[in-house]
$ cat coords.pdb   # PDB, C-alpha atoms, pLDDT in the B column
ATOM      1  CA  MET A   1       0.000   0.000   0.000  1.00 46.00           C
ATOM      2  CA  ALA A   2       1.443   3.366  -1.010  1.00 50.00           C
ATOM      3  CA  ALA A   3       1.385   6.029   1.648  1.00 44.00           C
ATOM      4  CA  SER A   4       0.833   9.606   0.552  1.00 37.00           C
ATOM      5  CA  ILE A   5       2.628  12.345   2.418  1.00 44.00           C
ATOM      6  CA  ARG A   6       0.199  14.937   1.049  1.00 45.00           C
ATOM      7  CA  ARG A   7      -3.413  15.053   1.960  1.00 45.00           C
ATOM      8  CA  ALA A   8      -6.056  17.351   0.542  1.00 49.00           C
ATOM      9  CA  GLY A   9      -6.188  20.594   2.473  1.00 60.00           C
ATOM     10  CA  ALA A  10      -2.790  20.105   4.114  1.00 84.00           C
ATOM     11  CA  ARG A  11      -1.327  23.360   2.733  1.00 90.00           C
ATOM     12  CA  THR A  12      -0.796  26.166   5.184  1.00 94.00           C
ATOM     13  CA  GLY A  13      -1.830  29.743   4.494  1.00 94.00           C
ATOM     14  CA  LEU A  14       1.827  30.550   3.912  1.00 96.00           C
ATOM     15  CA  GLN A  15       2.131  27.815   1.290  1.00 96.00           C
ATOM     16  CA  LYS A  16      -1.040  29.019  -0.423  1.00 96.00           C
ATOM     17  CA  ALA A  17       0.333  32.582  -0.501  1.00 97.00           C
ATOM     18  CA  ALA A  18       3.622  31.401  -2.033  1.00 98.00           C
ATOM     19  CA  LEU A  19       1.734  29.303  -4.588  1.00 98.00           C
ATOM     20  CA  ALA A  20      -0.535  32.209  -5.544  1.00 98.00           C
ATOM     21  CA  THR A  21       2.431  34.591  -5.769  1.00 98.00           C
ATOM     22  CA  GLY A  22       4.330  32.146  -7.957  1.00 98.00           C
ATOM     23  CA  ALA A  23       1.296  31.655 -10.196  1.00 98.00           C
ATOM     24  CA  VAL A  24       0.896  35.422 -10.622  1.00 97.00           C
ATOM     25  CA  PHE A  25       4.567  35.775 -11.602  1.00 97.00           C
ATOM     26  CA  CYS A  26       4.176  32.935 -14.131  1.00 98.00           C
ATOM     27  CA  LEU A  27       1.113  34.656 -15.557  1.00 97.00           C
ATOM     28  CA  ALA A  28       2.942  37.998 -15.816  1.00 95.00           C
ATOM     29  CA  GLY A  29       5.851  36.292 -17.566  1.00 95.00           C
ATOM     30  CA  ILE A  30       3.565  34.640 -20.101  1.00 96.00           C
ATOM     31  CA  LEU A  31       1.429  37.736 -20.708  1.00 96.00           C
ATOM     32  CA  GLY A  32       4.566  39.759 -21.406  1.00 92.00           C
ATOM     33  CA  PHE A  33       4.893  37.794 -24.653  1.00 93.00           C
ATOM     34  CA  VAL A  34       1.241  38.169 -25.740  1.00 93.00           C
ATOM     35  CA  PRO A  35       0.496  40.871 -28.321  1.00 93.00           C
ATOM     36  CA  GLY A  36      -2.506  42.958 -27.339  1.00 91.00           C
ATOM     37  CA  ILE A  37      -1.904  42.464 -23.627  1.00 94.00           C
ATOM     38  CA  THR A  38       1.595  43.795 -24.178  1.00 90.00           C
ATOM     39  CA  SER A  39       1.422  46.995 -26.205  1.00 86.00           C
ATOM     40  CA  ASN A  40       4.187  47.830 -28.683  1.00 84.00           C
ATOM     41  CA  HIS A  41       4.894  44.114 -28.875  1.00 80.00           C
ATOM     42  CA  ASP A  42       6.944  44.682 -32.019  1.00 80.00           C
ATOM     43  CA  ALA A  43       9.340  46.794 -29.894  1.00 81.00           C
ATOM     44  CA  LEU A  44      10.038  43.864 -27.526  1.00 80.00           C
ATOM     45  CA  ARG A  45      13.812  43.467 -27.218  1.00 82.00           C
ATOM     46  CA  LEU A  46      15.990  40.810 -25.642  1.00 73.00           C
ATOM     47  CA  ALA A  47      17.081  43.156 -22.836  1.00 80.00           C
ATOM     48  CA  GLY A  48      17.885  46.756 -22.096  1.00 73.00           C
ATOM     49  CA  HIS A  49      16.149  50.073 -21.727  1.00 73.00           C
ATOM     50  CA  ALA A  50      15.487  50.274 -25.489  1.00 76.00           C
ATOM     51  CA  SER A  51      12.688  47.702 -25.246  1.00 80.00           C
ATOM     52  CA  GLY A  52       9.499  49.617 -25.922  1.00 82.00           C
ATOM     53  CA  ALA A  53       7.050  46.832 -25.059  1.00 86.00           C
ATOM     54  CA  LEU A  54       4.645  47.632 -22.211  1.00 85.00           C
ATOM     55  CA  LEU A  55       2.753  44.945 -20.299  1.00 91.00           C
ATOM     56  CA  LEU A  56      -0.834  46.182 -19.876  1.00 94.00           C
ATOM     57  CA  GLY A  57       0.368  49.390 -21.516  1.00 90.00           C
ATOM     58  CA  ILE A  58       2.135  50.365 -18.260  1.00 89.00           C
ATOM     59  CA  PHE A  59       5.068  48.147 -17.281  1.00 90.00           C
ATOM     60  CA  GLN A  60       8.159  48.073 -19.510  1.00 87.00           C
ATOM     61  CA  VAL A  61       9.190  44.505 -20.359  1.00 90.00           C
ATOM     62  CA  SER A  62      11.778  42.640 -22.404  1.00 87.00           C
ATOM     63  CA  VAL A  63      12.390  38.992 -23.183  1.00 91.00           C
ATOM     64  CA  LEU A  64      14.798  38.868 -20.210  1.00 89.00           C
ATOM     65  CA  HIS A  65      12.273  40.560 -17.926  1.00 89.00           C
ATOM     66  CA  ASN A  66       9.527  38.091 -18.927  1.00 93.00           C
ATOM     67  CA  ALA A  67      11.878  35.107 -18.548  1.00 94.00           C
ATOM     68  CA  VAL A  68      12.831  36.263 -15.046  1.00 93.00           C
ATOM     69  CA  HIS A  69       9.148  36.510 -14.116  1.00 95.00           C
ATOM     70  CA  LEU A  70       8.574  32.977 -15.415  1.00 97.00           C
ATOM     71  CA  LEU A  71      11.564  31.540 -13.535  1.00 96.00           C
ATOM     72  CA  PHE A  72      10.632  33.396 -10.355  1.00 95.00           C
ATOM     73  CA  GLY A  73       7.066  32.120 -10.668  1.00 97.00           C
ATOM     74  CA  VAL A  74       8.182  28.516 -11.164  1.00 98.00           C
ATOM     75  CA  ALA A  75      10.412  28.864  -8.091  1.00 98.00           C
ATOM     76  CA  GLY A  76       7.411  30.083  -6.085  1.00 98.00           C
ATOM     77  CA  VAL A  77       5.208  27.211  -7.230  1.00 98.00           C
ATOM     78  CA  LEU A  78       7.901  24.637  -6.442  1.00 98.00           C
ATOM     79  CA  MET A  79       8.862  26.206  -3.107  1.00 97.00           C
ATOM     80  CA  SER A  80       5.222  26.317  -2.002  1.00 97.00           C
ATOM     81  CA  ARG A  81       5.445  22.556  -1.402  1.00 96.00           C
ATOM     82  CA  THR A  82       6.772  22.973   2.145  1.00 95.00           C
ATOM     83  CA  HIS A  83       6.154  25.552   4.828  1.00 94.00           C
ATOM     84  CA  PRO A  84       9.838  26.546   5.327  1.00 95.00           C
ATOM     85  CA  GLN A  85      10.504  26.824   1.587  1.00 97.00           C
ATOM     86  CA  ALA A  86       7.352  28.890   1.076  1.00 97.00           C
ATOM     87  CA  ARG A  87       8.490  31.234   3.854  1.00 97.00           C
ATOM     88  CA  ASN A  88      11.949  31.538   2.279  1.00 97.00           C
ATOM     89  CA  PHE A  89      10.458  32.254  -1.145  1.00 98.00           C
ATOM     90  CA  LEU A  90       8.318  35.073   0.206  1.00 98.00           C
ATOM     91  CA  ILE A  91      11.014  36.613   2.423  1.00 98.00           C
ATOM     92  CA  TYR A  92      14.000  36.362   0.096  1.00 98.00           C
ATOM     93  CA  GLY A  93      11.884  37.054  -2.973  1.00 97.00           C
ATOM     94  CA  GLY A  94      10.575  40.160  -1.233  1.00 97.00           C
ATOM     95  CA  VAL A  95      14.114  41.250  -0.442  1.00 98.00           C
ATOM     96  CA  ILE A  96      15.104  40.734  -4.095  1.00 96.00           C
ATOM     97  CA  TYR A  97      12.210  42.944  -5.206  1.00 95.00           C
ATOM     98  CA  LEU A  98      13.188  45.647  -2.707  1.00 97.00           C
ATOM     99  CA  VAL A  99      16.733  45.557  -4.105  1.00 95.00           C
ATOM    100  CA  LEU A 100      15.292  45.850  -7.630  1.00 91.00           C
ATOM    101  CA  TRP A 101      13.258  48.853  -6.481  1.00 93.00           C
ATOM    102  CA  LEU A 102      16.392  50.561  -5.140  1.00 94.00           C
ATOM    103  CA  TYR A 103      18.320  49.622  -8.283  1.00 90.00           C
ATOM    104  CA  GLY A 104      15.612  51.146 -10.469  1.00 88.00           C
ATOM    105  CA  LEU A 105      15.602  54.366  -8.444  1.00 89.00           C
ATOM    106  CA  LEU A 106      19.382  54.718  -8.506  1.00 89.00           C
ATOM    107  CA  VAL A 107      20.012  53.678 -12.123  1.00 86.00           C
ATOM    108  CA  GLY A 108      17.155  55.490 -13.811  1.00 76.00           C
ATOM    109  CA  ASP A 109      15.164  54.582 -16.905  1.00 69.00           C
ATOM    110  CA  PRO A 110      17.179  55.758 -19.936  1.00 74.00           C
ATOM    111  CA  THR A 111      20.645  54.567 -18.894  1.00 76.00           C
ATOM    112  CA  PRO A 112      22.456  51.524 -20.360  1.00 75.00           C
ATOM    113  CA  ALA A 113      22.721  50.073 -16.831  1.00 76.00           C
ATOM    114  CA  ASN A 114      18.947  49.570 -16.951  1.00 73.00           C
ATOM    115  CA  PHE A 115      19.329  46.133 -18.546  1.00 78.00           C
ATOM    116  CA  ILE A 116      16.187  44.632 -16.985  1.00 77.00           C
ATOM    117  CA  PRO A 117      14.374  47.099 -18.212  1.00 79.00           C
ATOM    118  CA  ALA A 118      12.270  48.891 -15.630  1.00 79.00           C
ATOM    119  CA  ASN A 119      10.347  52.154 -15.885  1.00 85.00           C
ATOM    120  CA  ASP A 120       8.855  54.177 -13.003  1.00 89.00           C
ATOM    121  CA  ALA A 121       5.741  51.968 -12.908  1.00 92.00           C
ATOM    122  CA  ASP A 122       7.949  48.859 -12.624  1.00 90.00           C
ATOM    123  CA  ASN A 123      10.008  50.445  -9.860  1.00 91.00           C
ATOM    124  CA  TRP A 124       7.011  51.259  -7.681  1.00 94.00           C
ATOM    125  CA  LEU A 125       5.468  47.870  -8.380  1.00 95.00           C
ATOM    126  CA  HIS A 126       8.732  46.288  -7.178  1.00 94.00           C
ATOM    127  CA  LEU A 127       8.393  48.212  -3.902  1.00 97.00           C
ATOM    128  CA  VAL A 128       4.803  47.042  -3.398  1.00 97.00           C
ATOM    129  CA  LEU A 129       5.684  43.438  -4.318  1.00 96.00           C
ATOM    130  CA  GLY A 130       8.701  43.368  -1.998  1.00 97.00           C
ATOM    131  CA  LEU A 131       6.827  44.756   0.993  1.00 98.00           C
ATOM    132  CA  THR A 132       3.774  42.560   0.359  1.00 97.00           C
ATOM    133  CA  MET A 133       5.796  39.356   0.027  1.00 97.00           C
ATOM    134  CA  ILE A 134       7.735  40.038   3.237  1.00 97.00           C
ATOM    135  CA  ALA A 135       4.536  41.005   5.091  1.00 97.00           C
ATOM    136  CA  LEU A 136       2.822  37.779   3.956  1.00 96.00           C
ATOM    137  CA  ALA A 137       5.783  35.716   5.131  1.00 96.00           C
ATOM    138  CA  ILE A 138       5.822  37.384   8.546  1.00 95.00           C
ATOM    139  CA  MET A 139       2.066  37.290   9.105  1.00 95.00           C
ATOM    140  CA  LEU A 140       1.450  33.764   7.811  1.00 93.00           C
ATOM    141  CA  ALA A 141       4.575  32.088   9.209  1.00 85.00           C
ATOM    142  CA  ARG A 142       2.996  32.209  12.659  1.00 81.00           C
ATOM    143  CA  GLY A 143       0.207  29.851  11.618  1.00 64.00           C
ATOM    144  CA  PRO A 144       0.144  26.114  12.336  1.00 63.00           C
ATOM    145  CA  VAL A 145       2.707  23.994  10.525  1.00 60.00           C
ATOM    146  CA  PRO A 146       1.413  20.577   9.425  1.00 59.00           C
ATOM    147  CA  ALA A 147       3.375  17.597  10.696  1.00 57.00           C
ATOM    148  CA  ALA A 148       5.733  16.099   8.124  1.00 55.00           C
ATOM    149  CA  GLY A 149       4.185  13.116   6.401  1.00 49.00           C
ATOM    150  CA  GLY A 150       0.969  13.538   8.336  1.00 43.00           C
ATOM    151  CA  ALA A 151       2.513  11.782  11.340  1.00 38.00           C
ATOM    152  CA  GLY A 152       1.374  12.716  14.792  1.00 37.00           C
ATOM    153  CA  THR A 153      -1.842  14.336  13.657  1.00 40.00           C
ATOM    154  CA  GLY A 154      -3.986  12.247  15.973  1.00 40.00           C
ATOM    155  CA  THR A 155      -6.428  11.277  13.265  1.00 41.00           C
ATOM    156  CA  GLY A 156      -7.065   7.841  14.766  1.00 41.00           C
ATOM    157  CA  THR A 157      -6.653   5.891  11.550  1.00 42.00           C
ATOM    158  CA  GLY A 158      -6.281   2.530  13.250  1.00 42.00           C
ATOM    159  CA  THR A 159      -2.560   2.563  13.916  1.00 43.00           C
ATOM    160  CA  GLY A 160      -2.965   0.652  17.137  1.00 42.00           C
ATOM    161  CA  SER A 161      -2.209   3.562  19.461  1.00 40.00           C
ATOM    162  CA  THR A 162      -4.498   4.235  22.374  1.00 42.00           C
ATOM    163  CA  ALA A 163      -5.871   7.563  23.471  1.00 44.00           C
ATOM    164  CA  THR A 164      -4.149   7.309  26.877  1.00 48.00           C
ATOM    165  CA  SER A 165      -0.570   6.807  25.680  1.00 47.00           C
ATOM    166  CA  PRO A 166       1.663   9.877  26.076  1.00 49.00           C
ATOM    167  CA  ALA A 167       2.989  11.692  23.034  1.00 50.00           C
ATOM    168  CA  PRO A 168       6.513  10.733  21.955  1.00 52.00           C
ATOM    169  CA  GLY A 169       9.170  12.822  23.678  1.00 51.00           C
ATOM    170  CA  THR A 170       7.000  13.661  26.698  1.00 52.00           C
ATOM    171  CA  ARG A 171       7.334  12.409  30.239  1.00 53.00           C
ATOM    172  CA  GLY A 172       3.825  11.094  30.446  1.00 48.00           C
ATOM    173  CA  ARG A 173       2.142  12.279  33.672  1.00 44.00           C
TER
END

$ encode --input "coords.pdb" --output "C-alpha cells"
Amino acid sequence: MAASIRRAGARTGLQKAALATGAVFCLAGILGFVPGITSNHDALRLAGHASGALLLGIFQVSVLHNAVHLLFGVAGVLMSRTHPQARNFLIYGGVIYLVLWLYGLLVGDPTPANFIPANDADNWLHLVLGLTMIALAIMLARGPVPAAGGAGTGTGTGTGSTATSPAPGTRGR
C-alpha cells in the first residue's frame, strides 16, 4: 500500500500565498509575450532600456524581464510545497524585489545600466511586491505547521495507538 505524504487541504496559508504569488509571476511572464496584452509588442527586445514593449500598456518589459518573471514564478510554485521553503520564497523574494526597487531608483530609466528594463511603474510595483511578500511571510509564518508526512496528527486511523498513551518525547504524567 502506497502512503501519501500529502493530503487534501494540508497546505498552510503561507504555502497558499507562495503558490498564488508564484502563479501570478508565471502569468505575468507569459502575458509579457502576448500581443494585445503587451502593447508595442513589435518593440520587444531581448534586454535593455530600449525595449518599448509595455505589459498592460504600463510596465516596460523585455524577453529577459519576462523570462525572469517565469523563472521566479516557477520557483514560487515549487517552493510552495513545504512551509519553510514557502516562507523563504516570500522573504527572500521580497528582499530581491526591494533591491530591484532601489536599483531602479538609482540607475534610472534611460541609462544603459537599466538592462532589466524597468520604468517608473515597474520600480514602484517592485516596492509594493517586496513589501507585500515580506509582510505575507511574517504574518502567515505564525500559523500552524502541518506535521511532516501527516505523522502525529492524531487522526485515529487505526494505527494501534491508544488515546491514553503519552505523546513521543514527553514524560507522560

$ residues_around --input "coords.pdb" --residues "Ala135 (chain A)" --least-positions-apart "4" --cutoff "9 Å" --atoms "all atoms listed in the file" --output "list in words"
Leu90, Ile91, Gly94, Gly130, Leu131, Met139 and Leu140 of chain A

$ write_last_selection --input "coords.pdb" --atoms "C-alpha atoms" --output "JSON list (two decimals), in the coordinates of the input"
[["chain", "number", "residue", "atom", "x", "y", "z"],
["A", 90, "LEU", "CA", 8.32, 35.07, 0.21],
["A", 91, "ILE", "CA", 11.01, 36.61, 2.42],
["A", 94, "GLY", "CA", 10.58, 40.16, -1.23],
["A", 130, "GLY", "CA", 8.70, 43.37, -2.00],
["A", 131, "LEU", "CA", 6.83, 44.76, 0.99],
["A", 139, "MET", "CA", 2.07, 37.29, 9.10],
["A", 140, "LEU", "CA", 1.45, 33.76, 7.81]]

$ closest_residue --input "coords.pdb" --among "A:Ile96, A:Cys26, A:Leu78, A:Ile116" --to "Leu64 (chain A)" --atoms "all atoms listed in the file"
A:Ile116

$ atom_distance --input "coords.pdb" --atom1 "CA of Leu129 (chain A)" --atom2 "CA of Phe25 (chain A)"
10.6 Å

$ closest_residue --input "coords.pdb" --among "A:Arg142, A:His69, A:Arg45, A:His83" --to "Thr21 (chain A)" --atoms "only C-alpha atoms"
A:His69

$ closest_residue --input "coords.pdb" --among "A:Pro110, A:Gly73, A:Gly52, A:Gly104" --to "Ala28 (chain A)" --atoms "all atoms listed in the file"
A:Gly73

$ closest_residue --input "coords.pdb" --among "A:Met79, A:Gly22, A:Gly13, A:Val74" --to "Ile138 (chain A)" --atoms "only C-alpha atoms"
A:Gly13

$ residues_around --input "coords.pdb" --residues "region 32-38 of chain A" --least-positions-apart "4" --cutoff "8 Å" --atoms "only C-alpha atoms" --output "list in words"
Ala28, Ala53, Leu54, Leu55, Leu56, Gly57, Val61, Ser62, Val63 and Asn66 of chain A

$ atom_distance --input "coords.pdb" --atom1 "CA of Pro84 (chain A)" --atom2 "CA of Thr12 (chain A)"
10.6 Å
